[in-house]
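Participant: Below is the file upload21.json, with JSON, C-alpha atoms.
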```json
[["chain", "number", "residue", "atom", "x", "y", "z"],
["A", 461, "MET", "CA", -60.54, 6.83, 75.96],
["A", 462, "ASN", "CA", -57.94, 4.13, 76.11],
["A", 463, "ASN", "CA", -59.84, 2.12, 73.52],
["A", 464, "LEU", "CA", -59.98, 5.15, 71.24],
["A", 465, "SER", "CA", -56.25, 5.69, 71.52],
["A", 466, "ARG", "CA", -55.65, 2.10, 70.47],
["A", 467, "ILE", "CA", -58.16, 2.07, 67.61],
["A", 468, "LEU", "CA", -57.21, 5.43, 66.03],
["A", 469, "PRO", "CA", -53.63, 4.53, 65.03],
["A", 470, "ARG", "CA", -54.87, 1.33, 63.43],
["A", 471, "ARG", "CA", -57.49, 3.26, 61.42],
["A", 472, "LEU", "CA", -54.93, 5.83, 60.30],
["A", 473, "LYS", "CA", -52.54, 3.06, 59.25],
["A", 474, "ALA", "CA", -55.31, 1.43, 57.26],
["A", 475, "VAL", "CA", -56.08, 4.58, 55.23],
["A", 476, "THR", "CA", -52.39, 5.50, 54.74],
["A", 477, "PRO", "CA", -50.87, 3.72, 51.65],
["A", 478, "ASP", "CA", -47.88, 1.44, 52.20],
["A", 479, "GLN", "CA", -44.83, 3.13, 50.59],
["A", 480, "ARG", "CA", -42.59, 0.07, 50.70],
["A", 481, "GLY", "CA", -43.87, -1.40, 47.43],
["A", 482, "ILE", "CA", -43.47, 1.89, 45.57],
["A", 483, "THR", "CA", -39.93, 2.35, 46.87],
["A", 484, "GLY", "CA", -39.00, -1.16, 45.72],
["A", 485, "LEU", "CA", -40.46, -0.50, 42.24],
["A", 486, "GLU", "CA", -38.50, 2.75, 41.89],
["A", 487, "THR", "CA", -35.32, 0.98, 42.90],
["A", 488, "ALA", "CA", -35.95, -1.73, 40.32],
["A", 489, "ILE", "CA", -36.52, 0.88, 37.59],
["A", 490, "VAL", "CA", -33.27, 2.67, 38.50],
["A", 491, "LEU", "CA", -31.35, -0.61, 38.44],
["A", 492, "ILE", "CA", -32.82, -1.57, 35.06],
["A", 493, "ALA", "CA", -31.93, 1.84, 33.63],
["A", 494, "PHE", "CA", -28.40, 1.51, 35.00],
["A", 495, "VAL", "CA", -28.00, -1.93, 33.42],
["A", 496, "VAL", "CA", -29.30, -0.68, 30.05],
["A", 497, "VAL", "CA", -26.98, 2.35, 30.02],
["A", 498, "SER", "CA", -24.02, 0.20, 31.07],
["A", 499, "SER", "CA", -24.81, -2.26, 28.28],
["A", 500, "VAL", "CA", -24.90, 0.55, 25.72],
["A", 501, "PHE", "CA", -21.53, 1.89, 26.85],
["A", 502, "ALA", "CA", -20.06, -1.62, 26.91],
["A", 503, "PHE", "CA", -21.31, -2.30, 23.37],
["A", 504, "ALA", "CA", -19.88, 1.01, 22.14],
["A", 505, "ALA", "CA", -16.51, 0.28, 23.74],
["A", 506, "LEU", "CA", -16.47, -3.25, 22.31],
["A", 507, "SER", "CA", -17.39, -2.01, 18.83],
["A", 508, "THR", "CA", -14.63, 0.61, 18.95],
["A", 509, "GLY", "CA", -12.12, -2.02, 20.04],
["A", 510, "LEU", "CA", -13.13, -4.42, 17.27],
["A", 511, "PHE", "CA", -12.96, -1.62, 14.68],
["A", 512, "SER", "CA", -9.49, -0.62, 15.87],
["A", 513, "SER", "CA", -8.35, -4.24, 15.75],
["A", 514, "ASP", "CA", -9.67, -4.63, 12.19],
["A", 515, "LYS", "CA", -7.89, -1.45, 11.05],
["A", 516, "ALA", "CA", -4.65, -2.60, 12.68],
["A", 517, "LYS", "CA", -4.99, -5.98, 10.98],
["A", 518, "GLU", "CA", -5.58, -4.33, 7.60],
["A", 519, "THR", "CA", -2.52, -2.12, 8.09],
["A", 520, "ILE", "CA", -0.32, -5.09, 8.98],
["A", 521, "GLN", "CA", -1.59, -7.10, 6.02],
["A", 522, "ALA", "CA", -1.00, -4.18, 3.66],
["A", 523, "GLY", "CA", 2.54, -3.80, 4.98],
["A", 524, "LEU", "CA", 3.23, -7.51, 4.52],
["A", 525, "ALA", "CA", 1.83, -7.42, 0.98],
["A", 526, "GLU", "CA", 4.01, -4.41, 0.22],
["A", 527, "THR", "CA", 7.10, -6.23, 1.46],
["A", 528, "ARG", "CA", 6.28, -9.50, -0.27],
["A", 529, "GLY", "CA", 5.66, -7.62, -3.53],
["A", 530, "SER", "CA", 9.04, -5.88, -3.65],
["A", 531, "MET", "CA", 11.66, -6.20, -6.38],
["A", 532, "GLU", "CA", 15.42, -5.91, -6.27],
["A", 533, "LEU", "CA", 18.00, -5.17, -8.93],
["A", 534, "LYS", "CA", 20.09, -8.15, -10.01],
["A", 535, "GLY", "CA", 23.37, -7.27, -11.64],
["A", 536, "SER", "CA", 24.32, -4.19, -13.62],
["A", 537, "VAL", "CA", 22.47, -1.71, -15.80],
["A", 538, "VAL", "CA", 23.49, -2.31, -19.42],
["A", 539, "LEU", "CA", 23.47, 0.48, -22.02],
["A", 540, "THR", "CA", 23.42, -0.13, -25.75],
["A", 541, "SER", "CA", 24.51, 2.62, -28.16],
["A", 542, "SER", "CA", 24.22, 2.62, -31.92],
["A", 543, "VAL", "CA", 26.44, 5.70, -31.99],
["A", 544, "SER", "CA", 29.55, 5.43, -29.82],
["A", 545, "GLY", "CA", 32.19, 7.94, -28.75],
["A", 546, "THR", "CA", 32.05, 11.23, -26.89],
["A", 547, "ALA", "CA", 29.04, 12.23, -28.98],
["A", 548, "GLY", "CA", 27.34, 8.86, -28.52],
["A", 549, "THR", "CA", 23.73, 8.39, -27.50],
["A", 550, "VAL", "CA", 21.99, 5.52, -25.73],
["A", 551, "SER", "CA", 19.47, 3.44, -27.66],
["A", 552, "ASP", "CA", 18.51, 0.81, -25.04],
["A", 553, "ILE", "CA", 18.71, 0.48, -21.26],
["A", 554, "ALA", "CA", 18.43, -3.05, -19.84],
["A", 555, "PHE", "CA", 18.52, -4.41, -16.29],
["A", 556, "GLN", "CA", 17.46, -7.54, -14.42],
["A", 557, "VAL", "CA", 15.10, -7.81, -11.45],
["A", 558, "SER", "CA", 14.07, -10.55, -9.05],
["A", 559, "ASN", "CA", 11.53, -10.92, -6.26],
["A", 560, "ALA", "CA", 13.22, -9.40, -3.20],
["A", 561, "ALA", "CA", 11.34, -11.28, -0.50],
["A", 562, "GLY", "CA", 10.67, -14.44, -2.48],
["A", 563, "GLY", "CA", 6.97, -13.84, -1.93],
["A", 564, "GLU", "CA", 4.01, -12.87, -4.07],
["A", 565, "ALA", "CA", 4.30, -12.74, -7.85],
["A", 566, "ILE", "CA", 4.64, -9.31, -9.49],
["A", 567, "ASP", "CA", 3.01, -8.66, -12.86],
["A", 568, "LEU", "CA", 5.66, -7.09, -15.10],
["A", 569, "THR", "CA", 3.39, -6.77, -18.14],
["A", 570, "PRO", "CA", 3.84, -3.28, -19.66],
["A", 571, "GLY", "CA", 0.79, -1.31, -18.61],
["A", 572, "GLN", "CA", 0.54, -3.20, -15.33],
["A", 573, "THR", "CA", 4.09, -2.27, -14.39],
["A", 574, "LEU", "CA", 5.28, 1.21, -15.40],
["A", 575, "ILE", "CA", 8.77, 2.64, -15.75],
["A", 576, "LYS", "CA", 9.46, 6.31, -15.13],
["A", 577, "TYR", "CA", 12.59, 7.80, -16.70],
["A", 578, "THR", "CA", 14.01, 11.10, -15.42],
["A", 579, "ASP", "CA", 17.08, 13.18, -16.20],
["A", 580, "GLU", "CA", 17.88, 16.89, -15.95],
["A", 581, "LEU", "CA", 15.96, 17.65, -19.16],
["A", 582, "GLN", "CA", 12.91, 15.40, -19.02],
["A", 583, "SER", "CA", 10.67, 13.06, -17.08],
["A", 584, "LYS", "CA", 8.85, 10.45, -19.16],
["A", 585, "MET", "CA", 6.62, 7.43, -18.53],
["A", 586, "PHE", "CA", 7.04, 4.12, -20.35],
["A", 587, "VAL", "CA", 3.79, 2.19, -20.17],
["A", 588, "THR", "CA", 3.44, -0.12, -23.20],
["A", 589, "THR", "CA", 5.48, -2.61, -25.23],
["A", 590, "ALA", "CA", 6.35, 0.26, -27.55],
["A", 591, "GLY", "CA", 8.48, 1.67, -24.75],
["A", 592, "PHE", "CA", 9.83, -1.33, -22.86],
["A", 593, "THR", "CA", 9.83, -5.11, -22.80],
["A", 594, "ALA", "CA", 9.82, -7.69, -19.99],
["A", 595, "SER", "CA", 11.50, -11.02, -20.74],
["A", 596, "GLY", "CA", 12.05, -14.02, -18.49],
["A", 597, "LEU", "CA", 15.63, -15.28, -18.19],
["A", 598, "GLY", "CA", 16.91, -18.78, -17.44],
["A", 599, "SER", "CA", 14.24, -20.96, -15.85],
["A", 600, "ALA", "CA", 11.64, -18.15, -15.71],
["A", 601, "ASP", "CA", 8.43, -18.84, -17.61],
["A", 602, "SER", "CA", 6.86, -16.46, -20.12],
["A", 603, "ASP", "CA", 3.75, -15.37, -18.20],
["A", 604, "SER", "CA", 5.30, -11.97, -17.29],
["A", 605, "LEU", "CA", 4.83, -12.76, -13.59],
["A", 606, "LEU", "CA", 7.98, -12.28, -11.54],
["A", 607, "GLU", "CA", 7.73, -15.27, -9.23],
["A", 608, "ARG", "CA", 9.94, -16.74, -6.54],
["A", 609, "GLY", "CA", 13.36, -17.71, -7.89],
["A", 610, "GLU", "CA", 12.82, -16.04, -11.28],
["A", 611, "VAL", "CA", 14.81, -13.29, -12.97],
["A", 612, "TYR", "CA", 13.33, -10.98, -15.59],
["A", 613, "GLU", "CA", 15.01, -8.48, -17.86],
["A", 614, "LEU", "CA", 13.35, -5.09, -18.33],
["A", 615, "LYS", "CA", 14.54, -3.11, -21.33],
["A", 616, "LEU", "CA", 13.73, 0.43, -22.45],
["A", 617, "ILE", "CA", 13.97, 0.33, -26.23],
["A", 618, "ASP", "CA", 14.48, 2.68, -29.21],
["A", 619, "LEU", "CA", 15.47, 5.62, -27.03],
["A", 620, "GLU", "CA", 17.41, 7.41, -29.76],
["A", 621, "SER", "CA", 15.09, 6.79, -32.68],
["A", 622, "SER", "CA", 11.67, 7.62, -31.27],
["A", 623, "PHE", "CA", 10.96, 11.07, -29.84],
["A", 624, "GLY", "CA", 7.81, 12.87, -28.82],
["A", 625, "SER", "CA", 5.86, 14.56, -26.06],
["A", 626, "GLY", "CA", 3.80, 11.49, -25.16],
["A", 627, "THR", "CA", 4.61, 8.29, -23.30],
["A", 628, "ASP", "CA", 7.09, 5.58, -24.32],
["A", 629, "THR", "CA", 9.49, 8.09, -25.88],
["A", 630, "LEU", "CA", 12.16, 10.57, -24.82],
["A", 631, "THR", "CA", 11.99, 14.22, -25.79],
["A", 632, "SER", "CA", 15.79, 14.47, -25.99],
["A", 633, "LYS", "CA", 18.53, 11.88, -26.42],
["A", 634, "LEU", "CA", 20.45, 10.37, -23.53],
["A", 635, "GLY", "CA", 24.09, 11.24, -24.14],
["A", 636, "VAL", "CA", 27.36, 11.18, -22.24],
["A", 637, "SER", "CA", 27.96, 12.46, -18.69],
["A", 638, "THR", "CA", 24.26, 12.46, -17.84],
["A", 639, "THR", "CA", 22.71, 11.25, -14.60],
["A", 640, "PHE", "CA", 19.39, 9.49, -15.10],
["A", 641, "ASN", "CA", 16.88, 7.81, -12.78],
["A", 642, "LEU", "CA", 14.58, 4.87, -13.40],
["A", 643, "GLU", "CA", 11.58, 4.07, -11.22],
["A", 644, "VAL", "CA", 10.00, 0.67, -11.78],
["A", 645, "ILE", "CA", 6.42, 0.98, -10.53],
["A", 646, "PRO", "CA", 4.63, -2.37, -10.08],
["A", 647, "PRO", "CA", 0.84, -2.69, -9.65],
["A", 648, "ARG", "CA", 1.47, -3.52, -5.98],
["A", 649, "GLY", "CA", 4.54, -3.43, -3.80],
["A", 650, "ALA", "CA", 7.42, -1.03, -3.42],
["A", 651, "VAL", "CA", 8.89, 1.05, -6.24],
["A", 652, "LEU", "CA", 12.37, 0.02, -7.42],
["A", 653, "PHE", "CA", 14.61, 3.09, -7.78],
["A", 654, "ILE", "CA", 17.74, 3.02, -9.96],
["A", 655, "GLU", "CA", 20.19, 5.87, -10.55],
["A", 656, "ARG", "CA", 23.15, 5.79, -12.92],
["A", 657, "THR", "CA", 25.39, 8.24, -14.79],
["A", 658, "THR", "CA", 26.56, 7.72, -18.35],
["A", 659, "PRO", "CA", 30.34, 7.95, -18.87],
["A", 660, "VAL", "CA", 32.17, 10.57, -20.93],
["A", 661, "PHE", "CA", 32.66, 8.00, -23.70],
["A", 662, "LEU", "CA", 30.00, 5.53, -24.85],
["A", 663, "ASP", "CA", 30.89, 2.12, -26.23],
["A", 664, "ASP", "CA", 28.46, 0.01, -28.23],
["A", 665, "ILE", "CA", 27.62, -1.92, -25.05],
["A", 666, "MET", "CA", 28.43, -0.68, -21.56],
["A", 667, "SER", "CA", 27.76, -2.03, -18.07],
["A", 668, "LEU", "CA", 27.07, 0.45, -15.27],
["A", 669, "ASP", "CA", 27.41, -0.99, -11.76]]
```
What would you get if you wrote out this structure as C-alpha cells?
Facilitator:
Amino acid sequence: MNNLSRILPRRLKAVTPDQRGITGLETAIVLIAFVVVSSVFAFAALSTGLFSSDKAKETIQAGLAETRGSMELKGSVVLTSSVSGTAGTVSDIAFQVSNAAGGEAIDLTPGQTLIKYTDELQSKMFVTTAGFTASGLGSADSDSLLERGEVYELKLIDLESSFGSGTDTLTSKLGVSTTFNLEVIPPRGAVLFIERTTPVFLDDIMSLD
C-alpha cells in the first residue's frame, strides 16, 4: 500500500502536461505584442512631431521671405498736371520705392508687380507698361529688380488722356480735393499702401508728402 501511494503521484505527474512552458510562451507573446504596439504609437508620435516641425519651419521661412521682400516709400508722391488750376486734372503720379529690409530682390516689371488705384469713384488695376513704368534711379541697374541699395521710380502715366472700363486706365479723371489710394502689389512680399489727397489747386508739378 505504501509503495502504491508513492508510485501513483509519480504516474499522475507523468501523464499531466507541464504548464510552465506554455505560460512562458504566452508571456513572451504578450510582451512582443506590447513592444509592437508601443513601437507603432512611438512612430505615430514621432511622425506627428516631425510634421509639426516642418510646418512651423515653412511658416517661419514664409514670414522671413515676406519681410525680406517688402518695399518702402522713399520721398514724396509727385503729381503732374497738363491742366492746372482749380479745374485741373492729374496726368501722371510718380513715387520712389526701395527695398525696406535690404533683402531679396523684388521684380517691379509691370505684370509681375501690379498697382491698384482707388478713389471714391473708381477702383482700377494697372498691370502693363501701358499703365505704369518702373525706372531705376541713380546707381540702380535696368533689370527691373529692386535690389539692396537701389531706388526705383514707379509712375502711373496718361491718366487724363486714356479712359475705359479695362485695366491701365481710369474711368474718370483725378481732379482737385480728391483722396486716392495706391497699392503696389509685388509678386512676393508685403503690399505697399499709399494714400494722398489732391489739393484744391493743381500746379503743373506738385509734391505731396
Participant: Name the closest residue to Val651 in chain A among the candidates A:Glu580, A:Asp601, A:Thr573, A:Phe494; distances are taken between atoms, counting only C-alpha atoms.
Facilitator: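 The shortest atom-to-atom distance to Val651 in chain A comes from A:Thr573.
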Participant: What is the CA of Ala600 in chain A to CA of Ser551 in chain A distance in Å?
Facilitator: 25.9 Å
Participant: Ranking A:Thr569, A:Thr593, A:Thr638, A:Asn559 by minimum distance to Leu662 in chain A and counting all atoms listed in the file, which one comes first?
Facilitator: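 When distances to Leu662 in chain A are compared using all atoms listed in the file, the smallest one comes from A:Thr638.
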Participant: Applying 9 Å and only C-alpha atoms, which residues near Val537 in chain A remain after dropping the ones on its own chain fewer than 5 positions away? List them as an NGL selection string.
Facilitator: :A and (553-556 or 654 or 656 or 666-669)
Participant: Quote the spacing between CA of Leu539 in chain A and CA of Gly649 in chain A in Å to one decimal place.
Facilitator: 26.6 Å
Participant: Enter the distance from CA of Ile617 in chain A to CA of Tyr577 in chain A, in Å, rounded to one decimal.
Facilitator: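 Atom-to-atom, CA of Ile617 in chain A to CA of Tyr577 in chain A, that is 12.2 Å.
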Participant: Go through A:Met585, A:Val660, A:Ile489, A:Ala565 one by one, measure the shortest atom-to-atom distance of each to Ala547 in chain A using only C-alpha atoms, and give the residue with the smallest value.
Facilitator: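 Using only C-alpha atoms, Ala547 in chain A sits closest to A:Val660.
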Participant: Near Asp603 in chain A, within 12 Å and counting only C-alpha atoms, which residues show up once chain neighbours fewer than 3 positions away are dropped, as a PDB file with C-alpha atoms, keeping the file's coordinate frame?
Facilitator:
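Heads up, here's the output in result.pdb:
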```
ATOM      1  CA  ALA A 565       4.300 -12.740  -7.850  1.00  0.00           C
ATOM      2  CA  ILE A 566       4.640  -9.310  -9.490  1.00  0.00           C
ATOM      3  CA  ASP A 567       3.010  -8.660 -12.860  1.00  0.00           C
ATOM      4  CA  LEU A 568       5.660  -7.090 -15.100  1.00  0.00           C
ATOM      5  CA  THR A 569       3.390  -6.770 -18.140  1.00  0.00           C
ATOM      6  CA  ALA A 594       9.820  -7.690 -19.990  1.00  0.00           C
ATOM      7  CA  SER A 595      11.500 -11.020 -20.740  1.00  0.00           C
ATOM      8  CA  GLY A 596      12.050 -14.020 -18.490  1.00  0.00           C
ATOM      9  CA  LEU A 597      15.630 -15.280 -18.190  1.00  0.00           C
ATOM     10  CA  ALA A 600      11.640 -18.150 -15.710  1.00  0.00           C
ATOM     11  CA  LEU A 606       7.980 -12.280 -11.540  1.00  0.00           C
ATOM     12  CA  GLU A 607       7.730 -15.270  -9.230  1.00  0.00           C
ATOM     13  CA  GLU A 610      12.820 -16.040 -11.280  1.00  0.00           C
ATOM     14  CA  TYR A 612      13.330 -10.980 -15.590  1.00  0.00           C
TER      15      TYR A 612
END
```
Participant: Can you fill out range 532-543 of chain A with all heavy atoms and hand it back as a PDB file, in the frame of the given file?
Facilitator:
```
ATOM      1  N   GLU A 532      14.059  -6.374  -6.475  1.00  0.00           N
ATOM      2  CA  GLU A 532      15.420  -5.910  -6.270  1.00  0.00           C
ATOM      3  C   GLU A 532      16.184  -6.032  -7.581  1.00  0.00           C
ATOM      4  O   GLU A 532      15.877  -6.878  -8.425  1.00  0.00           O
ATOM      5  CB  GLU A 532      16.116  -6.698  -5.171  1.00  0.00           C
ATOM      6  CG  GLU A 532      16.309  -8.169  -5.466  1.00  0.00           C
ATOM      7  CD  GLU A 532      17.024  -8.883  -4.334  1.00  0.00           C
ATOM      8  OE1 GLU A 532      17.421  -8.205  -3.371  1.00  0.00           O
ATOM      9  OE2 GLU A 532      17.182 -10.112  -4.413  1.00  0.00           O
ATOM     10  N   LEU A 533      17.160  -5.163  -7.731  1.00  0.00           N
ATOM     11  CA  LEU A 533      18.000  -5.170  -8.930  1.00  0.00           C
ATOM     12  C   LEU A 533      18.988  -6.317  -8.842  1.00  0.00           C
ATOM     13  O   LEU A 533      19.627  -6.528  -7.815  1.00  0.00           O
ATOM     14  CB  LEU A 533      18.728  -3.831  -9.043  1.00  0.00           C
ATOM     15  CG  LEU A 533      19.636  -3.639 -10.266  1.00  0.00           C
ATOM     16  CD1 LEU A 533      18.806  -3.599 -11.538  1.00  0.00           C
ATOM     17  CD2 LEU A 533      20.440  -2.352 -10.118  1.00  0.00           C
ATOM     18  N   LYS A 534      19.124  -7.055  -9.935  1.00  0.00           N
ATOM     19  CA  LYS A 534      20.090  -8.150 -10.010  1.00  0.00           C
ATOM     20  C   LYS A 534      21.114  -7.817 -11.089  1.00  0.00           C
ATOM     21  O   LYS A 534      20.802  -7.775 -12.271  1.00  0.00           O
ATOM     22  CB  LYS A 534      19.382  -9.464 -10.361  1.00  0.00           C
ATOM     23  CG  LYS A 534      18.339  -9.909  -9.355  1.00  0.00           C
ATOM     24  CD  LYS A 534      18.964 -10.407  -8.072  1.00  0.00           C
ATOM     25  CE  LYS A 534      19.583 -11.765  -8.242  1.00  0.00           C
ATOM     26  NZ  LYS A 534      20.040 -12.348  -6.952  1.00  0.00           N
ATOM     27  N   GLY A 535      22.326  -7.547 -10.668  1.00  0.00           N
ATOM     28  CA  GLY A 535      23.370  -7.270 -11.640  1.00  0.00           C
ATOM     29  C   GLY A 535      23.456  -5.798 -12.015  1.00  0.00           C
ATOM     30  O   GLY A 535      22.988  -4.912 -11.289  1.00  0.00           O
ATOM     31  N   SER A 536      24.023  -5.553 -13.176  1.00  0.00           N
ATOM     32  CA  SER A 536      24.320  -4.190 -13.620  1.00  0.00           C
ATOM     33  C   SER A 536      23.228  -3.658 -14.545  1.00  0.00           C
ATOM     34  O   SER A 536      22.361  -4.398 -15.020  1.00  0.00           O
ATOM     35  CB  SER A 536      25.659  -4.173 -14.367  1.00  0.00           C
ATOM     36  OG  SER A 536      26.699  -4.684 -13.563  1.00  0.00           O
ATOM     37  N   VAL A 537      23.302  -2.361 -14.784  1.00  0.00           N
ATOM     38  CA  VAL A 537      22.470  -1.710 -15.800  1.00  0.00           C
ATOM     39  C   VAL A 537      23.303  -1.662 -17.085  1.00  0.00           C
ATOM     40  O   VAL A 537      24.440  -1.166 -17.083  1.00  0.00           O
ATOM     41  CB  VAL A 537      22.063  -0.296 -15.368  1.00  0.00           C
ATOM     42  CG1 VAL A 537      21.283   0.399 -16.479  1.00  0.00           C
ATOM     43  CG2 VAL A 537      21.237  -0.355 -14.086  1.00  0.00           C
ATOM     44  N   VAL A 538      22.750  -2.192 -18.168  1.00  0.00           N
ATOM     45  CA  VAL A 538      23.490  -2.310 -19.420  1.00  0.00           C
ATOM     46  C   VAL A 538      22.940  -1.310 -20.438  1.00  0.00           C
ATOM     47  O   VAL A 538      21.729  -1.280 -20.705  1.00  0.00           O
ATOM     48  CB  VAL A 538      23.403  -3.742 -19.990  1.00  0.00           C
ATOM     49  CG1 VAL A 538      24.137  -3.829 -21.333  1.00  0.00           C
ATOM     50  CG2 VAL A 538      23.992  -4.738 -18.999  1.00  0.00           C
ATOM     51  N   LEU A 539      23.842  -0.496 -20.993  1.00  0.00           N
ATOM     52  CA  LEU A 539      23.470   0.480 -22.020  1.00  0.00           C
ATOM     53  C   LEU A 539      23.921  -0.020 -23.382  1.00  0.00           C
ATOM     54  O   LEU A 539      25.018  -0.560 -23.533  1.00  0.00           O
ATOM     55  CB  LEU A 539      24.136   1.831 -21.743  1.00  0.00           C
ATOM     56  CG  LEU A 539      23.950   2.452 -20.355  1.00  0.00           C
ATOM     57  CD1 LEU A 539      24.651   3.806 -20.297  1.00  0.00           C
ATOM     58  CD2 LEU A 539      22.482   2.582 -20.005  1.00  0.00           C
ATOM     59  N   THR A 540      23.076   0.180 -24.367  1.00  0.00           N
ATOM     60  CA  THR A 540      23.420  -0.130 -25.750  1.00  0.00           C
ATOM     61  C   THR A 540      23.385   1.165 -26.554  1.00  0.00           C
ATOM     62  O   THR A 540      22.429   1.942 -26.428  1.00  0.00           O
ATOM     63  CB  THR A 540      22.443  -1.142 -26.365  1.00  0.00           C
ATOM     64  OG1 THR A 540      22.448  -2.337 -25.573  1.00  0.00           O
ATOM     65  CG2 THR A 540      22.826  -1.484 -27.793  1.00  0.00           C
ATOM     66  N   SER A 541      24.421   1.390 -27.355  1.00  0.00           N
ATOM     67  CA  SER A 541      24.510   2.620 -28.160  1.00  0.00           C
ATOM     68  C   SER A 541      24.762   2.249 -29.612  1.00  0.00           C
ATOM     69  O   SER A 541      25.657   1.455 -29.913  1.00  0.00           O
ATOM     70  CB  SER A 541      25.639   3.520 -27.650  1.00  0.00           C
ATOM     71  OG  SER A 541      25.464   3.834 -26.288  1.00  0.00           O
ATOM     72  N   SER A 542      23.969   2.816 -30.492  1.00  0.00           N
ATOM     73  CA  SER A 542      24.220   2.620 -31.920  1.00  0.00           C
ATOM     74  C   SER A 542      25.240   3.620 -32.437  1.00  0.00           C
ATOM     75  O   SER A 542      25.853   3.419 -33.483  1.00  0.00           O
ATOM     76  CB  SER A 542      22.915   2.743 -32.714  1.00  0.00           C
ATOM     77  OG  SER A 542      22.320   4.010 -32.496  1.00  0.00           O
ATOM     78  N   VAL A 543      25.409   4.702 -31.678  1.00  0.00           N
ATOM     79  CA  VAL A 543      26.440   5.700 -31.990  1.00  0.00           C
ATOM     80  C   VAL A 543      27.354   5.780 -30.773  1.00  0.00           C
ATOM     81  O   VAL A 543      26.914   6.127 -29.680  1.00  0.00           O
ATOM     82  CB  VAL A 543      25.824   7.081 -32.289  1.00  0.00           C
ATOM     83  CG1 VAL A 543      26.918   8.099 -32.559  1.00  0.00           C
ATOM     84  CG2 VAL A 543      24.864   7.003 -33.464  1.00  0.00           C
TER      85      VAL A 543
END
```
